[in-house]
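Participant: Handing over start_16.tsv, TSV, C-alpha atoms.
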chain	number	residue	atom	x	y	z
A	710	MET	CA	0.00	0.00	0.00
A	711	PRO	CA	1.44	3.44	-0.97
A	712	GLU	CA	2.52	5.65	1.93
A	713	THR	CA	-0.23	8.20	1.20
A	714	GLU	CA	-2.95	5.53	1.39
A	715	LYS	CA	-1.49	4.19	4.63
A	716	LYS	CA	-1.63	7.66	6.14
A	717	GLN	CA	-5.24	8.20	5.03
A	718	SER	CA	-6.24	4.78	6.40
A	719	ALA	CA	-4.64	5.56	9.76
A	720	GLU	CA	-6.35	8.96	9.88
A	721	SER	CA	-9.73	7.35	9.11
A	722	ARG	CA	-9.20	4.73	11.84
A	723	ASP	CA	-8.24	7.39	14.40
A	724	ARG	CA	-11.22	9.56	13.48
A	725	ARG	CA	-13.60	6.58	13.70
A	726	GLU	CA	-12.26	5.69	17.14
A	727	GLU	CA	-12.55	9.30	18.30
A	728	LEU	CA	-16.19	9.60	17.21
A	729	GLY	CA	-17.00	6.15	18.58
A	730	LYS	CA	-15.65	7.03	22.03
A	731	ARG	CA	-17.59	10.31	22.05
A	732	PHE	CA	-20.78	8.45	21.15
A	733	LEU	CA	-20.29	5.82	23.86
A	734	SER	CA	-19.63	8.57	26.38
A	735	SER	CA	-22.58	10.87	25.71
A	736	GLY	CA	-24.57	9.58	22.72
A	737	PHE	CA	-25.23	12.05	19.93
A	738	ALA	CA	-25.86	14.95	22.34
A	739	ASP	CA	-22.87	17.01	21.21
A	740	PHE	CA	-22.66	15.75	17.61
A	741	GLY	CA	-23.39	17.84	14.57
A	742	SER	CA	-25.49	16.27	11.81
A	743	ASP	CA	-22.39	15.82	9.67
A	744	GLU	CA	-20.59	13.99	12.50
A	745	ILE	CA	-23.54	11.63	13.02
A	746	LEU	CA	-23.52	10.70	9.34
A	747	GLU	CA	-19.74	10.49	9.36
A	748	LEU	CA	-19.76	7.93	12.18
A	749	MET	CA	-22.42	5.84	10.43
A	750	LEU	CA	-20.42	5.94	7.22
A	751	TYR	CA	-17.32	4.61	8.95
A	752	TYR	CA	-19.23	1.40	9.67
A	753	SER	CA	-20.24	0.87	6.05
A	754	VAL	CA	-16.95	2.04	4.48
A	755	PRO	CA	-14.31	1.68	7.24
A	756	ARG	CA	-11.45	3.09	5.16
A	757	GLY	CA	-13.44	5.66	3.21
A	758	ARG	CA	-13.32	9.45	3.36
A	759	ALA	CA	-16.41	9.53	5.57
A	760	GLU	CA	-16.07	13.17	6.66
A	761	GLU	CA	-16.16	14.49	3.11
A	762	THR	CA	-18.96	12.10	2.10
A	763	ALA	CA	-21.12	13.10	5.09
A	764	LYS	CA	-20.84	16.78	4.24
A	765	LYS	CA	-21.65	16.11	0.58
A	766	LEU	CA	-24.74	14.08	1.50
A	767	LEU	CA	-26.07	16.85	3.72
A	768	ASN	CA	-25.26	19.49	1.12
A	769	ASP	CA	-27.00	17.55	-1.67
A	770	LEU	CA	-29.99	16.18	0.27
A	771	GLY	CA	-30.57	18.57	3.17
A	772	SER	CA	-30.79	16.74	6.51
A	773	ILE	CA	-30.19	13.39	8.21
A	774	SER	CA	-33.85	12.44	7.75
A	775	ASP	CA	-33.63	13.36	4.07
A	776	VAL	CA	-30.53	11.20	3.70
A	777	LEU	CA	-32.06	8.18	5.45
A	778	ASP	CA	-35.36	8.61	3.58
A	779	ALA	CA	-33.66	8.93	0.20
A	780	ASP	CA	-34.15	6.29	-2.46
A	781	PRO	CA	-31.03	4.05	-2.69
A	782	ASP	CA	-30.56	5.02	-6.34
A	783	MET	CA	-30.54	8.69	-5.37
A	784	LEU	CA	-28.01	8.00	-2.62
A	785	MET	CA	-25.71	6.23	-5.03
A	786	LYS	CA	-25.94	9.16	-7.43
A	787	THR	CA	-24.41	11.32	-4.69
A	788	GLY	CA	-21.37	9.04	-4.75
A	789	VAL	CA	-21.97	6.53	-1.93
A	790	SER	CA	-21.64	2.80	-2.54
A	791	GLU	CA	-24.48	0.33	-2.82
A	792	ASN	CA	-23.24	-1.13	0.47
A	793	THR	CA	-23.80	2.23	2.18
A	794	ALA	CA	-27.25	2.66	0.59
A	795	VAL	CA	-28.26	-0.77	1.92
A	796	PHE	CA	-26.82	0.07	5.35
A	797	PHE	CA	-28.85	3.29	5.59
A	798	ARG	CA	-32.06	1.50	4.57
A	799	MET	CA	-31.34	-1.18	7.20
A	800	LEU	CA	-31.04	1.49	9.89
A	801	THR	CA	-34.57	2.77	9.33
A	802	SER	CA	-36.04	-0.74	9.08
A	803	VAL	CA	-34.35	-1.89	12.28
A	804	ALA	CA	-35.67	1.22	14.02
A	805	GLY	CA	-39.22	0.06	13.28
A	806	ARG	CA	-38.55	-3.45	14.60
A	807	TYR	CA	-36.85	-2.04	17.68
A	808	HIS	CA	-39.79	0.26	18.36
A	809	ASN	CA	-42.27	-2.64	18.34
A	810	SER	CA	-40.04	-4.78	20.54
A	811	ALA	CA	-39.54	-1.98	23.03
A	812	GLN	CA	-43.30	-1.32	23.12
A	813	SER	CA	-44.29	-4.93	23.89
A	814	GLY	CA	-46.99	-4.89	26.55
A	815	THR	CA	-48.26	-1.47	25.48
A	816	VAL	CA	-52.04	-1.21	25.22
A	817	TYR	CA	-52.88	0.55	21.95
A	818	ASP	CA	-56.10	2.10	23.14
A	819	SER	CA	-55.80	5.51	21.50
A	820	THR	CA	-55.30	7.01	18.06
A	821	GLU	CA	-51.97	8.51	19.14
A	822	LYS	CA	-50.66	5.10	20.18
A	823	LEU	CA	-51.78	3.46	16.94
A	824	ILE	CA	-50.09	6.16	14.87
A	825	GLY	CA	-47.00	5.71	17.02
A	826	LEU	CA	-47.09	1.96	16.37
A	827	PHE	CA	-47.23	2.25	12.59
A	828	ARG	CA	-45.18	5.38	11.85
A	829	PRO	CA	-41.65	3.94	12.45
A	830	HIS	CA	-42.23	1.23	9.84
A	831	TYR	CA	-42.60	3.84	7.09
A	832	ALA	CA	-39.37	5.70	7.83
A	833	GLY	CA	-37.22	5.75	4.73
A	834	LEU	CA	-39.90	4.30	2.42
A	835	ASN	CA	-40.54	6.02	-0.89
A	836	ASN	CA	-43.11	3.43	-1.96
A	837	GLU	CA	-46.54	2.75	-0.51
A	838	GLU	CA	-46.82	-0.11	1.96
A	839	PHE	CA	-49.94	-1.63	3.54
A	840	ARG	CA	-49.58	-3.09	7.05
A	841	ILE	CA	-51.73	-4.92	9.55
A	842	ALA	CA	-51.55	-5.09	13.35
A	843	CYS	CA	-53.37	-7.78	15.32
A	844	PHE	CA	-54.34	-7.30	18.96
A	845	ARG	CA	-55.52	-9.21	22.00
A	846	GLU	CA	-58.82	-8.26	23.65
A	847	ASP	CA	-57.03	-5.68	25.82
A	848	MET	CA	-55.46	-4.11	22.68
A	849	SER	CA	-51.96	-5.35	23.48
A	850	LEU	CA	-50.05	-6.21	20.34
A	851	ILE	CA	-49.85	-9.75	18.98
A	852	MET	CA	-48.06	-8.94	15.74
A	853	THR	CA	-47.66	-6.40	12.97
A	854	ASP	CA	-46.36	-7.02	9.47
A	855	ALA	CA	-46.50	-5.77	5.90
A	856	VAL	CA	-49.36	-7.15	3.80
A	857	SER	CA	-48.18	-5.65	0.52
A	858	ARG	CA	-45.59	-3.27	-0.87
A	859	GLY	CA	-45.96	-1.11	-3.95
A	860	SER	CA	-43.47	-0.07	-6.57
A	861	GLY	CA	-44.61	3.54	-6.40
A	862	ALA	CA	-47.25	5.65	-4.72
A	863	ARG	CA	-49.84	2.82	-4.82
A	864	THR	CA	-49.96	-0.75	-3.65
A	865	GLU	CA	-52.51	-3.46	-4.37
A	866	VAL	CA	-53.80	-5.13	-1.21
A	867	SER	CA	-54.55	-8.85	-1.28
A	868	LEU	CA	-57.55	-9.51	0.97
A	869	ARG	CA	-56.65	-13.19	0.95
A	870	THR	CA	-53.18	-12.48	2.32
A	871	LEU	CA	-54.58	-10.08	4.88
A	872	THR	CA	-57.27	-12.47	6.15
A	873	GLU	CA	-54.78	-15.36	6.30
A	874	MET	CA	-52.51	-13.26	8.50
A	875	ILE	CA	-55.44	-12.48	10.81
A	876	LEU	CA	-56.43	-16.15	11.04
A	877	ARG	CA	-52.86	-17.18	11.89
A	878	SER	CA	-52.70	-14.59	14.68
A	879	GLY	CA	-56.01	-15.73	16.19
A	880	CYS	CA	-56.98	-12.14	16.94
A	881	SER	CA	-60.44	-10.63	17.16
A	882	LEU	CA	-59.24	-7.01	16.90
A	883	ALA	CA	-57.13	-5.60	14.08
A	884	ALA	CA	-55.95	-2.29	12.68
A	885	VAL	CA	-54.51	-1.56	9.25
A	886	SER	CA	-52.38	1.24	7.91
A	887	HIS	CA	-50.72	2.50	4.79
A	888	ASN	CA	-48.52	5.43	3.92
A	889	HIS	CA	-48.75	8.27	1.46
A	890	PRO	CA	-45.07	8.82	0.58
A	891	ASN	CA	-44.22	12.52	0.37
A	892	ALA	CA	-47.89	13.48	0.50
A	893	SER	CA	-50.75	14.44	2.78
A	894	ALA	CA	-52.32	11.81	5.04
A	895	GLU	CA	-55.80	12.70	3.77
A	896	PRO	CA	-57.61	9.60	2.45
A	897	SER	CA	-58.61	9.19	-1.18
A	898	ASP	CA	-62.03	7.94	-2.31
A	899	THR	CA	-60.35	4.59	-2.95
A	900	ASP	CA	-59.10	4.53	0.65
A	901	LEU	CA	-62.62	5.21	1.94
A	902	ASP	CA	-64.25	2.54	-0.23
A	903	PHE	CA	-61.61	-0.04	0.67
A	904	THR	CA	-62.01	0.62	4.40
A	905	GLU	CA	-65.78	0.21	4.26
A	906	HIS	CA	-65.39	-3.06	2.36
A	907	LEU	CA	-62.71	-4.34	4.76
A	908	VAL	CA	-64.92	-3.66	7.78
A	909	LYS	CA	-67.61	-5.90	6.25
A	910	VAL	CA	-65.16	-8.66	5.28
A	911	LEU	CA	-63.62	-8.81	8.75
A	912	LYS	CA	-67.01	-8.66	10.44
A	913	MET	CA	-67.91	-11.94	8.72
A	914	MET	CA	-64.79	-13.40	10.37
A	915	ASP	CA	-65.87	-12.04	13.80
A	916	VAL	CA	-62.94	-9.63	13.70
A	917	GLU	CA	-63.38	-5.93	14.47
A	918	LEU	CA	-61.40	-3.39	12.46
A	919	VAL	CA	-60.52	-0.82	15.10
A	920	ASP	CA	-58.97	1.72	12.73
A	921	HIS	CA	-57.29	2.41	9.41
A	922	ILE	CA	-54.34	4.71	9.95
A	923	ILE	CA	-52.79	6.70	7.10
A	924	ILE	CA	-49.25	7.98	7.60
A	925	GLY	CA	-48.36	11.02	5.52
A	926	LYS	CA	-45.11	12.91	5.14
A	927	SER	CA	-45.59	14.84	8.37
A	928	SER	CA	-48.79	13.63	10.02
A	929	GLY	CA	-51.02	10.66	10.78
A	930	PHE	CA	-54.73	10.29	9.99
A	931	SER	CA	-57.32	8.12	11.76
A	932	MET	CA	-60.15	6.92	9.52
A	933	LYS	CA	-62.09	5.82	12.62
A	934	GLU	CA	-62.02	9.33	14.08
A	935	GLU	CA	-62.87	11.18	10.88
A	936	TYR	CA	-65.23	8.65	9.25
A	937	PRO	CA	-66.82	6.63	12.10
A	938	GLU	CA	-69.77	5.69	9.88
A	939	LEU	CA	-67.48	3.45	7.81
A	940	PHE	CA	-66.81	1.29	10.85
A	941	ALA	CA	-70.49	0.82	11.60
A	942	ALA	CA	-71.18	-0.70	8.19
A	943	GLU	CA	-73.71	-3.53	8.18
For the structure just supplied, provide its representation as structure tokens.
Facilitator:
Amino acid sequence: MPETEKKQSAESRDRREELGKRFLSSGFADFGSDEILELMLYYSVPRGRAEETAKKLLNDLGSISDVLDADPDMLMKTGVSENTAVFFRMLTSVAGRYHNSAQSGTVYDSTEKLIGLFRPHYAGLNNEEFRIACFREDMSLIMTDAVSRGSGARTEVSLRTLTEMILRSGCSLAAVSHNHPNASAEPSDTDLDFTEHLVKVLKMMDVELVDHIIIGKSSGFSMKEEYPELFAAE
């Protein structure tokens, strides 16, 4: 290895260790956004020029949330590797799993709690995804999972897949959600019609649909609160 490369590798290692020790000591409390991204980059490209890359990502995309929410293809256009793009997408997905695990035992008896349950799963997604959550009688969580994923701003929901997931869980209470990537959480006419139909389908299975949550770019929307008549369908 040329002397210049050896020096750069040593500098990267020292910088990674410095940031790592700071993080272990006090978390991200005294980190700038560029330093947070820099530390993450060191774990996807250990010998890379993480400091320069972090600053370029923030300059091109705007903020940490914009970077982590960016489409992998867009990330790679800024100069990061596919490995880094995958690593960033993994971070947001793991955050959703962690949130559910940490909230085990929580009773989801309010709109705010339901929105809080679903929202982390949509972090970083640029495509629409439809999810289901199944609950015990006290509204403690049994499971939540994706029913379908779209290739754009729409996704087709398989009622067969959804009902099979409910049957496997053995629940009598369920909530569903989907996201509107980069858009308002307001429901479309299609969303309203689908919800009314789903209420009827689940009622025949002796399962109550407690809500249909829509997660928008910056807010959550409860169909049960705004359109209660849909949930009283005969």
Participant: Could you tell me how far atom CA of Asp775 of chain A sits from atom CA of Ser802 of chain A, in Å to one decimal place?
Facilitator: 15.2 Å
Participant: Can you pull out the residues contacting Asp854 of chain A? Cut-off 7 Å, using all atoms listed in the file, and skip same-chain residues under 2 positions away; I want them as a list in words.
Facilitator: Arg840, Ile841, Ala842, Met852 and Val856 of chain A
Participant: Residues around (-16.7, 5.7, 3.2), cut-off 12 Å, counting all atoms listed in the file - what are they as a PDB file with C-alpha atoms, in the coordinates of the input?
Facilitator:
ATOM      1  CA  GLN A 717      -5.240   8.200   5.030  1.00  0.00           C
ATOM      2  CA  SER A 718      -6.240   4.780   6.400  1.00  0.00           C
ATOM      3  CA  SER A 721      -9.730   7.350   9.110  1.00  0.00           C
ATOM      4  CA  ARG A 722      -9.200   4.730  11.840  1.00  0.00           C
ATOM      5  CA  ARG A 725     -13.600   6.580  13.700  1.00  0.00           C
ATOM      6  CA  LEU A 746     -23.520  10.700   9.340  1.00  0.00           C
ATOM      7  CA  GLU A 747     -19.740  10.490   9.360  1.00  0.00           C
ATOM      8  CA  LEU A 748     -19.760   7.930  12.180  1.00  0.00           C
ATOM      9  CA  MET A 749     -22.420   5.840  10.430  1.00  0.00           C
ATOM     10  CA  LEU A 750     -20.420   5.940   7.220  1.00  0.00           C
ATOM     11  CA  TYR A 751     -17.320   4.610   8.950  1.00  0.00           C
ATOM     12  CA  TYR A 752     -19.230   1.400   9.670  1.00  0.00           C
ATOM     13  CA  SER A 753     -20.240   0.870   6.050  1.00  0.00           C
ATOM     14  CA  VAL A 754     -16.950   2.040   4.480  1.00  0.00           C
ATOM     15  CA  PRO A 755     -14.310   1.680   7.240  1.00  0.00           C
ATOM     16  CA  ARG A 756     -11.450   3.090   5.160  1.00  0.00           C
ATOM     17  CA  GLY A 757     -13.440   5.660   3.210  1.00  0.00           C
ATOM     18  CA  ARG A 758     -13.320   9.450   3.360  1.00  0.00           C
ATOM     19  CA  ALA A 759     -16.410   9.530   5.570  1.00  0.00           C
ATOM     20  CA  GLU A 760     -16.070  13.170   6.660  1.00  0.00           C
ATOM     21  CA  GLU A 761     -16.160  14.490   3.110  1.00  0.00           C
ATOM     22  CA  THR A 762     -18.960  12.100   2.100  1.00  0.00           C
ATOM     23  CA  ALA A 763     -21.120  13.100   5.090  1.00  0.00           C
ATOM     24  CA  LYS A 764     -20.840  16.780   4.240  1.00  0.00           C
ATOM     25  CA  LYS A 765     -21.650  16.110   0.580  1.00  0.00           C
ATOM     26  CA  LEU A 766     -24.740  14.080   1.500  1.00  0.00           C
ATOM     27  CA  GLY A 788     -21.370   9.040  -4.750  1.00  0.00           C
ATOM     28  CA  VAL A 789     -21.970   6.530  -1.930  1.00  0.00           C
ATOM     29  CA  SER A 790     -21.640   2.800  -2.540  1.00  0.00           C
ATOM     30  CA  GLU A 791     -24.480   0.330  -2.820  1.00  0.00           C
ATOM     31  CA  ASN A 792     -23.240  -1.130   0.470  1.00  0.00           C
ATOM     32  CA  THR A 793     -23.800   2.230   2.180  1.00  0.00           C
ATOM     33  CA  ALA A 794     -27.250   2.660   0.590  1.00  0.00           C
ATOM     34  CA  PHE A 796     -26.820   0.070   5.350  1.00  0.00           C
TER      35      PHE A 796
END
Participant: For a test of reading the model, state the distance in Å between atom CA of Ile875 of chain A and atom CA of Ile922 of chain A, rounded to one decimal.
Facilitator: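 Spanning atom CA of Ile875 of chain A to atom CA of Ile922 of chain A is a straight-line distance of 17.2 Å.
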Participant: Measure the distance from atom CA of His906 of chain A to atom CA of Ile824 of chain A in Å and round it to one decimal.
Facilitator: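 Distance reported for this atom pair: 21.8 Å.
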Participant: Skip Arg869 of chain A itself and residues of its chain fewer than 4 positions away, then list as a list of chain:residue names all residues within 12 Å of it, counting all atoms listed in the file.
Facilitator: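 The residues satisfying every condition are A:Val856, A:Ser857, A:Glu865, A:Glu873, A:Met874, A:Ile875, A:Leu876, A:Leu907, A:Val910, A:Leu911.
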Participant: Pick from A:Met914, A:Leu871, A:Leu834, A:Ala719: nearest to Pro890 of chain A, with only C-alpha atoms counted?
Facilitator: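 Answer, going by the shortest atom-to-atom distance: A:Leu834.
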Participant: So that I can see what lies close to Phe839 of chain A, please list as an NGL selection string the residues with an atom at most 12 Å from it, counting all atoms listed in the file and leaving out residues fewer than 3 positions away in the same chain.
Facilitator: :A and (827-828 or 830-831 or 834 or 836 or 842 or 853-859 or 862-868 or 870-871 or 884-890 or 900 or 921-924)
Participant: Please determine the residues with any atom at most 12 Å from (-55.4, 15.2, 11.6) (coordinates as given in the file, with only C-alpha atoms counting) and report them as number ranges by chain.
Facilitator: A: 820-821, 824, 893-896, 922-925, 927-935
Participant: Taking all atoms listed in the file into account, name the residue in A:Leu767, A:Leu850, A:Leu784, A:Ile745 that is nearest to Phe732 of chain A.
Facilitator: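 Among the listed residues, A:Ile745 lies closest to Phe732 of chain A.
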Participant: Return the single residue from A:Glu837, A:Asp739, A:Glu720, A:Glu846 that is closest to Asp818 of chain A, with distances computed using only C-alpha atoms.
Facilitator: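 Of A:Glu837, A:Asp739, A:Glu720, A:Glu846, the one nearest Asp818 of chain A, counting only C-alpha atoms, is A:Glu846.
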